[in-house]
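Read the structure below first, then the notes.
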Amino acid sequence: MGQPQTKTGAEVLALRRKAPASSAGTGAADALDGAHAVGAAYAADQALARWMDARLVAALLAVNPVGLGGVHLKSPAGPVRDEWLRVLQQACPTASMLRRMPQHADESRLLGGLDLAATLSSGRPVLQPGLLSELDGGLLACPMAERLPRRAVAFFCQALDRGHLRVEREGMSLEVPTRLAVVAMDEALPDGEEPGLEPALRERLAFVLNLQDLDWRSCGLTPLGPTDESVWDEDEREDFQTARQRLPGIEVQAAVVTALVQAAVALGVESVRAPWWALQAARTLAALRGLNEPGTDEVRDAARLVLGPRATRMPAPPQAGDAQQDTQSRQASPPQQDEPAPPPPPLNAEPPEPGPSAAGPTSAQTTPVPEPEDLQDLIIEAIQAALPAGLLALMAQANGLAARSRARSEASSRSGEQQRAGARGRPSGIRPGLPEGGQRLSLVDTLRQAAPWQRLRKARPPAVVVRREDLRIVRREPRRPTTTVFVVDASGSNALNRLAEAKGAVETLLADCYVRRDRVAVIGFRRQEAQTVLPPTRSLVRAKRSLAGLPGGGGTPMARALTDSRLLCESLQRRGDTVSMVLLTDGKSNINLEGLPGREAAHADAVAAARQLFMSRVSCLLIDTSPKPQAQARELALAMGARYIPLPQAQAGEIGRIVRNRRAA
Amino acid sequence: MKQPFPFSAIVGQDEMKRAILVTAVDPSVGGVLILGDRGTGKSTAVRALAALLPPIRATRGCPYHCDPARPSLSCAACREGGCSRNPPGEAAACDVDLIPVPVVDLPLGATEDRVVGALDLEKALSQGQKSFEPGLLARANRGFLYIDEVNLLEDHLVDLLIDVAASGENVVEREGLSVRHPARFVLVGSGNPEEGELRPQLLDRFGLSVDVRTPSDIPARVEVIKRRDAYERQTDAFCAQWKPEDQKVRKKIEAARKRVADMVVPDKVLEKAASLCLQLGTDGLRGELTLLRAARAWAALEGRTSVTTDDLRTVAPSSLRHRLRRNPLDDTGAGVRIERAMAEAFASGMGAQAA
């Protein structure tokens, strides 16, 4: 092994001091020579390893786009992402294999359809070809994929699942091939506050590539931008070509499948699609490295690229050997917050029913593949080694984050809102425009518009000449969803007797919202921080779960809570929601905006934050939960323009009733 | 076009397969709702079934592919101008095609016009003709309508679909058009309950409801991947390999369809069904009706001539699971809890029977 283009991140760490083979390697190594601190060098090694993996992903996609579905590219717009796209583009046999999807492309542009304007002016149906049929077998780069409307996501999912789509519109019916891979460019902020790519689409892409916070120096870039020299040399491009031809003949041993499935389970990857993608990646890697079937290295690399980013937990170390100890210490000991991951289940090496499709072992074996158990250990070790220390700490949260983003993606319709706003809801008048993207033509109004011009347009009586400018579409008024944001004081002063009641109130309202299809969000605050316990959701299952998990105790960071809830309310307002906020507190703030204790400063900050809330015109309700009404709480309510309700003996049902009445008013 | 993945080659998911077969035998059971994780072969199963079912006879050129033998269920054009005017036994006057059972995907975000049909814009504008362009409901007539992520579909569309599915007819009154055409189809919805829930009223309208899970044991998962791999790489060989199995299932469905009408439902079973529904506190008659129909279809599939309590027990979870009266704050996904309730109900029901 060790052909230049197939070098992976892990090998780079070993080969760094040797003569680098590719231009990207050269740049990075030069940068490294200048680094003095050992830590910096280590970080640079890691970055270089990540970049080499990114290059490998590009090569694999260029060799087998349709078989791999595509890549979820997490990266802000910038030189690193541009460079990666350039790497991908140059790995493709023709430049046109990678096309960029225009942001405004609608279904008819993608699949082809009737060109309405041309049809009208010519008087006979004029078809326009779609982007996808031109792209057959290529890669579609989709910028800002996290903002794709649901409609488009559903469309891509179908296209990827089935490889063809049937278009039946406007009196025509055609079968459009959609053999493609999607490069879904996700620019969502890394902290999980934004929803990110739709999970349904994420599932159908083999790779997750995270280029966030990757330094441009590691990618061989100069401050002046990319050089003109080609990323891959001639030999490498030739290798890609042979790999494409070799791919259909690559066999896979049964042990490889078993090992990948086991590794996925051990890493807490639920979906069966993930090991399937790993298998395809291993096969493509084998083709790229000129083998007849994937060996240990290919399986390990594929698992690292495919399963690694999807891992939701770290399996317990198989054996507590010395080597294992080493790895553990290097990972800065992952936090043991969750229950220790169960050890991989006992393995009966053979499935009970071999199945008629089991690939028999081939004689032309190039690399020995060990037993599934050993292979699985190798895979998991490789993944552990590839994960930087910081990521492991995040892993515990990964589940939570994913759930939160899912909640948001369900709850918010994001950019889809505008499109839906036009296509759905109660009709309210008409406006000029083309009936595209789900808009509905108002026929009577169109004809009415065209009628006065018929003589001038020299129409022969039974026929009516309609021109583009006559077209009228129905304007619709979308129903504005209602979201109630609960801001719950979980500090020590309040928690003692009130937290349970506040939870009860939210649950009562949830049951109410369930019927009305409203949404609820919960922000809890205590100690130094406010936390979105429950992003806007309708799902009762998750609402209940996250409420139960709301802990109590600590200081009262009122200013932080008000600021954070204002941001949430504002973002909801921007999406077109009607937002109301309910604050349950005793008003005694003692942590200021900076997170420092001190009652007076804290209260001053809280009042300032409350004024800002007033400016954002969110309708507020402050429920004073302290045993006696508090002056401070009243002052806060005044500052944020909230209705103040002292509720010394608040009961869950009582709070629910008040909020309901208030909303009805 | 690629052959679909063979139905018999789907690993596990027995309850889902059973529910789909039951509705294939007796469409009046009324649709299947499949809730569960991603990548569990929900859509694969639905598409596979279509390939498995025997092709149907349809009037050529009819946009609703009406059955020439059933004029009462045909569209107006077929009834008046088609072969159904001929007395039975004579040679048909119109051409008949053998077509595969339609399975229509309803994409998320489809507009109402696309679903129910609308004025043919091109004809209206270029030729001044008023003609109806049939929508997805027309295409799904006599087949299956599959909605992935049904829980994310807009409420008014779901309402509309369920209404049409129940009445078997699509009535369009818009843009000066007045069209009614047959739309009998089996509604199959799937979704992930983590991402939003269906209103209880809608849940109730689906005949059967199934929970699917990713297979938890490693050998099953391995088998899933192996079979998928074999299918992707050698589609023809793989499908040929599973053809005999699929043929068996097809024969079973055909035989069950013939048998289901004459199925005997003993009084004991009727009582049992009634007492079970009572005990579980399911609202309305729909649950009981579905339960009996499903049991009948399942007994027919099993080759029996009369329904047994075991048949009832087999189909009870999927017929009643979504109809249990529940506290909206309970975990809906907890199929385990429901299964347990079911088992208890059956046990105590038996006790009552014995006493």
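Chains: A, B, ... in order of the structure tokens. Residues: from 1 per chain. Ligands: from 1, in order shown.
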
Next on the checklist: So that I can check the surroundings of A:Val182, please list as a PyMOL selection string every protein, DNA and RNA residue that reaches within 12 Å of it, counting only C-alpha atoms and ignoring chain neighbours fewer than 3 positions away.
Outcome noted: chain A and resi 61-62+65-73+97-101+132+135+137-143+145+153+156-157+159-160+178-179+185-186+201-208

Item to check | Neighbour list for B:Ala240 as a PyMOL selection string, cut-off 12 Å, only C-alpha atoms, skip fewer than 5 positions in-chain | outcome: (chain A and resi 356-357) or (chain B and resi 3-6+8-9+230-231+234-235+245-247)

Checklist entry - How many Å separate atom CA of A:Gly549 from atom CA of A:Gly308? => result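 Pair atom CA of A:Gly549 / atom CA of A:Gly308 returns 28.2 Å.
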
Checklist entry - Quick one: residues within 10 Å of B:Arg205, only C-alpha atoms counted, chain neighbours fewer than 6 positions away excluded, as a list in words? => result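 That gives Gly30, Gly31, Val32, Leu33, Asp159, Ile162, Asp163, Ala165, Ala166, Arg286, Gly287, His322 and Arg323 of chain B.
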
Checklist entry - atom CA of A:Gly576 to atom CA of A:Ala561: how many Å, to one decimal? => result 22.7 Å

Item to check | Gap from atom CA of A:Gln241 to atom CA of A:Asp82 - Å, one decimal | outcome: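 Result for atom CA of A:Gln241 versus atom CA of A:Asp82: 23.8 Å, one decimal.
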
Checklist entry - Which polymer residues have any atom within 9 Å of an atom of A:Phe240, counting only C-alpha atoms, with same-chain residues fewer than 6 positions away left out, as a ChimeraX atom specification? => result /A:59-60,62-63,91-93,287-288

Those selected residues, please, written with N, CA and C atoms and delivered as an mmCIF file, in the first residue's frame.
data_model
loop_
_atom_site.group_PDB
_atom_site.id
_atom_site.type_symbol
_atom_site.label_atom_id
_atom_site.label_comp_id
_atom_site.auth_asym_id
_atom_site.auth_seq_id
_atom_site.Cartn_x
_atom_site.Cartn_y
_atom_site.Cartn_z
ATOM 1 N N ALA A 59 -11.559 11.879 -3.580
ATOM 2 C CA ALA A 59 -11.158 10.881 -4.567
ATOM 3 C C ALA A 59 -12.202 9.769 -4.659
ATOM 4 N N LEU A 60 -12.675 9.314 -3.505
ATOM 5 C CA LEU A 60 -13.666 8.235 -3.509
ATOM 6 C C LEU A 60 -14.942 8.670 -4.218
ATOM 7 N N ALA A 62 -15.238 10.907 -6.483
ATOM 8 C CA ALA A 62 -15.012 11.071 -7.918
ATOM 9 C C ALA A 62 -14.998 9.716 -8.605
ATOM 10 N N VAL A 63 -14.553 8.678 -7.878
ATOM 11 C CA VAL A 63 -14.502 7.354 -8.481
ATOM 12 C C VAL A 63 -15.888 6.713 -8.508
ATOM 13 N N ALA A 91 -10.584 15.792 -9.443
ATOM 14 C CA ALA A 91 -10.556 14.334 -9.412
ATOM 15 C C ALA A 91 -11.556 13.741 -10.392
ATOM 16 N N CYS A 92 -12.527 14.545 -10.787
ATOM 17 C CA CYS A 92 -13.533 14.066 -11.729
ATOM 18 C C CYS A 92 -12.933 14.005 -13.130
ATOM 19 N N PRO A 93 -13.398 13.059 -13.944
ATOM 20 C CA PRO A 93 -12.822 12.934 -15.291
ATOM 21 C C PRO A 93 -13.109 14.158 -16.153
ATOM 22 N N ALA A 287 -10.816 -0.530 -4.900
ATOM 23 C CA ALA A 287 -10.663 -0.263 -6.329
ATOM 24 C C ALA A 287 -9.577 0.777 -6.567
ATOM 25 N N LEU A 288 -9.542 1.771 -5.688
ATOM 26 C CA LEU A 288 -8.595 2.862 -5.829
ATOM 27 C C LEU A 288 -7.171 2.379 -5.585
#

Item to check | Test item, strand (DSSP E or B) assignment across stretch 149-191 of chain B, answer as a list in words | outcome: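 Written out, the strand (DSSP E or B) residues of stretch 149-191 of chain B are Glu169, Asn170, Val171, Val172, Glu173, Arg174, Leu177, Ser178, Val179, Arg180, His181, Pro182, Phe185, Val186, Leu187, Val188, Gly189, Ser190 and Gly191 of chain B.
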
For the residues in the current selection, export all heavy atoms as a CSV table (one decimal), in the first residue's frame.
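Wrote it out as selection_31.csv, contents follow:
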chain,number,residue,atom,x,y,z
B,169,GLU,N,-63.8,7.8,-3.8
B,169,GLU,CA,-64.1,8.7,-4.9
B,169,GLU,C,-63.4,10.1,-4.7
B,169,GLU,O,-63.4,10.6,-3.6
B,169,GLU,CB,-65.6,8.8,-5.0
B,169,GLU,CG,-66.0,9.5,-6.3
B,169,GLU,CD,-67.6,9.5,-6.4
B,169,GLU,OE1,-68.2,9.8,-5.4
B,169,GLU,OE2,-68.1,9.2,-7.4
B,170,ASN,N,-62.9,10.6,-5.8
B,170,ASN,CA,-62.3,11.9,-5.7
B,170,ASN,C,-63.3,12.9,-6.4
B,170,ASN,O,-63.6,12.7,-7.6
B,170,ASN,CB,-60.9,11.9,-6.4
B,170,ASN,CG,-60.3,13.3,-6.3
B,170,ASN,OD1,-60.5,14.1,-5.5
B,170,ASN,ND2,-59.4,13.5,-7.3
B,171,VAL,N,-63.7,13.9,-5.7
B,171,VAL,CA,-64.6,14.9,-6.2
B,171,VAL,C,-63.9,16.2,-6.4
B,171,VAL,O,-63.3,16.7,-5.4
B,171,VAL,CB,-65.8,15.1,-5.3
B,171,VAL,CG1,-66.8,16.1,-5.9
B,171,VAL,CG2,-66.5,13.8,-5.1
B,172,VAL,N,-63.8,16.7,-7.6
B,172,VAL,CA,-63.1,17.9,-7.8
B,172,VAL,C,-64.1,19.0,-8.3
B,172,VAL,O,-64.8,18.8,-9.2
B,172,VAL,CB,-62.0,17.8,-8.9
B,172,VAL,CG1,-61.1,19.0,-9.1
B,172,VAL,CG2,-61.1,16.6,-8.7
B,173,GLU,N,-64.1,20.1,-7.6
B,173,GLU,CA,-64.9,21.2,-7.9
B,173,GLU,C,-64.1,22.4,-7.9
B,173,GLU,O,-63.9,23.0,-6.8
B,173,GLU,CB,-66.1,21.4,-7.0
B,173,GLU,CG,-67.1,20.2,-7.0
B,173,GLU,CD,-68.1,20.3,-8.2
B,173,GLU,OE1,-68.0,21.3,-8.9
B,173,GLU,OE2,-68.8,19.3,-8.4
B,174,ARG,N,-63.5,22.8,-9.0
B,174,ARG,CA,-62.6,24.0,-8.9
B,174,ARG,C,-62.4,24.5,-10.3
B,174,ARG,O,-62.5,23.7,-11.3
B,174,ARG,CB,-61.3,23.6,-8.3
B,174,ARG,CG,-60.5,22.5,-9.0
B,174,ARG,CD,-59.4,22.0,-8.2
B,174,ARG,NE,-58.4,23.0,-8.0
B,174,ARG,CZ,-57.4,22.8,-7.2
B,174,ARG,NH1,-57.2,21.7,-6.6
B,174,ARG,NH2,-56.5,23.8,-7.1
B,177,LEU,N,-64.4,23.4,-13.2
B,177,LEU,CA,-64.4,21.9,-13.5
B,177,LEU,C,-65.3,21.2,-12.4
B,177,LEU,O,-65.3,21.6,-11.3
B,177,LEU,CB,-63.0,21.3,-13.3
B,177,LEU,CG,-62.0,21.7,-14.4
B,177,LEU,CD1,-60.6,21.2,-13.9
B,177,LEU,CD2,-62.3,21.0,-15.7
B,178,SER,N,-66.0,20.2,-12.9
B,178,SER,CA,-66.7,19.4,-12.0
B,178,SER,C,-66.5,18.0,-12.4
B,178,SER,O,-67.1,17.5,-13.3
B,178,SER,CB,-68.2,19.8,-12.0
B,178,SER,OG,-68.9,19.0,-11.2
B,179,VAL,N,-65.6,17.3,-11.7
B,179,VAL,CA,-65.2,16.0,-12.1
B,179,VAL,C,-65.3,15.1,-10.8
B,179,VAL,O,-65.0,15.5,-9.7
B,179,VAL,CB,-63.7,16.0,-12.5
B,179,VAL,CG1,-63.3,14.6,-12.9
B,179,VAL,CG2,-63.6,16.9,-13.7
B,180,ARG,N,-65.8,13.9,-11.0
B,180,ARG,CA,-65.7,12.9,-10.0
B,180,ARG,C,-65.2,11.7,-10.6
B,180,ARG,O,-65.6,11.3,-11.7
B,180,ARG,CB,-67.0,12.7,-9.2
B,180,ARG,CG,-68.2,12.4,-10.0
B,180,ARG,CD,-69.4,12.1,-9.1
B,180,ARG,NE,-69.7,13.2,-8.2
B,180,ARG,CZ,-70.1,13.1,-7.0
B,180,ARG,NH1,-70.3,11.9,-6.5
B,180,ARG,NH2,-70.4,14.1,-6.2
B,181,HIS,N,-64.2,11.1,-10.0
B,181,HIS,CA,-63.7,9.8,-10.5
B,181,HIS,C,-63.3,8.9,-9.4
B,181,HIS,O,-63.1,9.3,-8.3
B,181,HIS,CB,-62.4,10.1,-11.4
B,181,HIS,CG,-61.2,10.6,-10.7
B,181,HIS,ND1,-60.4,9.8,-10.0
B,181,HIS,CD2,-60.7,11.9,-10.6
B,181,HIS,CE1,-59.4,10.5,-9.5
B,181,HIS,NE2,-59.6,11.8,-9.8
B,182,PRO,N,-63.3,7.6,-9.7
B,182,PRO,CA,-63.0,6.6,-8.7
B,182,PRO,C,-61.5,6.8,-8.2
B,182,PRO,O,-60.6,7.0,-9.0
B,182,PRO,CB,-63.2,5.3,-9.4
B,182,PRO,CG,-63.0,5.5,-10.8
B,182,PRO,CD,-63.5,6.9,-11.0
B,185,PHE,N,-57.8,3.3,-3.2
B,185,PHE,CA,-56.4,2.9,-3.1
B,185,PHE,C,-56.2,2.6,-1.6
B,185,PHE,O,-57.0,2.9,-0.7
B,185,PHE,CB,-55.5,4.0,-3.5
B,185,PHE,CG,-55.8,5.4,-2.9
B,185,PHE,CD1,-55.3,5.7,-1.6
B,185,PHE,CD2,-56.6,6.3,-3.6
B,185,PHE,CE1,-55.6,6.9,-1.1
B,185,PHE,CE2,-56.9,7.5,-3.0
B,185,PHE,CZ,-56.4,7.8,-1.8
B,186,VAL,N,-55.1,1.9,-1.4
B,186,VAL,CA,-54.7,1.6,0.0
B,186,VAL,C,-53.7,2.7,0.4
B,186,VAL,O,-52.6,2.8,-0.3
B,186,VAL,CB,-54.0,0.2,0.1
B,186,VAL,CG1,-53.5,0.0,1.5
B,186,VAL,CG2,-55.1,-0.9,-0.3
B,187,LEU,N,-53.9,3.3,1.4
B,187,LEU,CA,-53.1,4.4,1.9
B,187,LEU,C,-52.0,3.8,2.8
B,187,LEU,O,-52.3,3.1,3.7
B,187,LEU,CB,-53.9,5.4,2.6
B,187,LEU,CG,-53.3,6.8,2.9
B,187,LEU,CD1,-53.0,7.5,1.6
B,187,LEU,CD2,-54.2,7.6,3.8
B,188,VAL,N,-50.7,4.0,2.4
B,188,VAL,CA,-49.6,3.6,3.2
B,188,VAL,C,-48.8,4.8,3.7
B,188,VAL,O,-48.3,5.5,2.8
B,188,VAL,CB,-48.7,2.6,2.5
B,188,VAL,CG1,-47.7,2.1,3.4
B,188,VAL,CG2,-49.5,1.4,2.0
B,189,GLY,N,-48.8,5.0,4.9
B,189,GLY,CA,-48.0,6.2,5.4
B,189,GLY,C,-46.9,5.7,6.3
B,189,GLY,O,-47.0,4.6,6.9
B,190,SER,N,-45.8,6.4,6.2
B,190,SER,CA,-44.7,6.0,7.1
B,190,SER,C,-44.1,7.3,7.7
B,190,SER,O,-44.2,8.4,7.2
B,190,SER,CB,-43.6,5.2,6.4
B,190,SER,OG,-42.9,6.1,5.5
B,191,GLY,N,-43.4,7.1,8.8
B,191,GLY,CA,-42.8,8.3,9.4
B,191,GLY,C,-42.1,7.9,10.7
B,191,GLY,O,-42.1,6.8,11.2

Next on the checklist: Using DSSP assignments from the backbone, pull out every residue in stretch 572-626 of chain A that falls under helix (DSSP H, G or I) and give it to me as a VMD selection string.
Outcome noted: chain A and resid 572 to 574 599 to 615
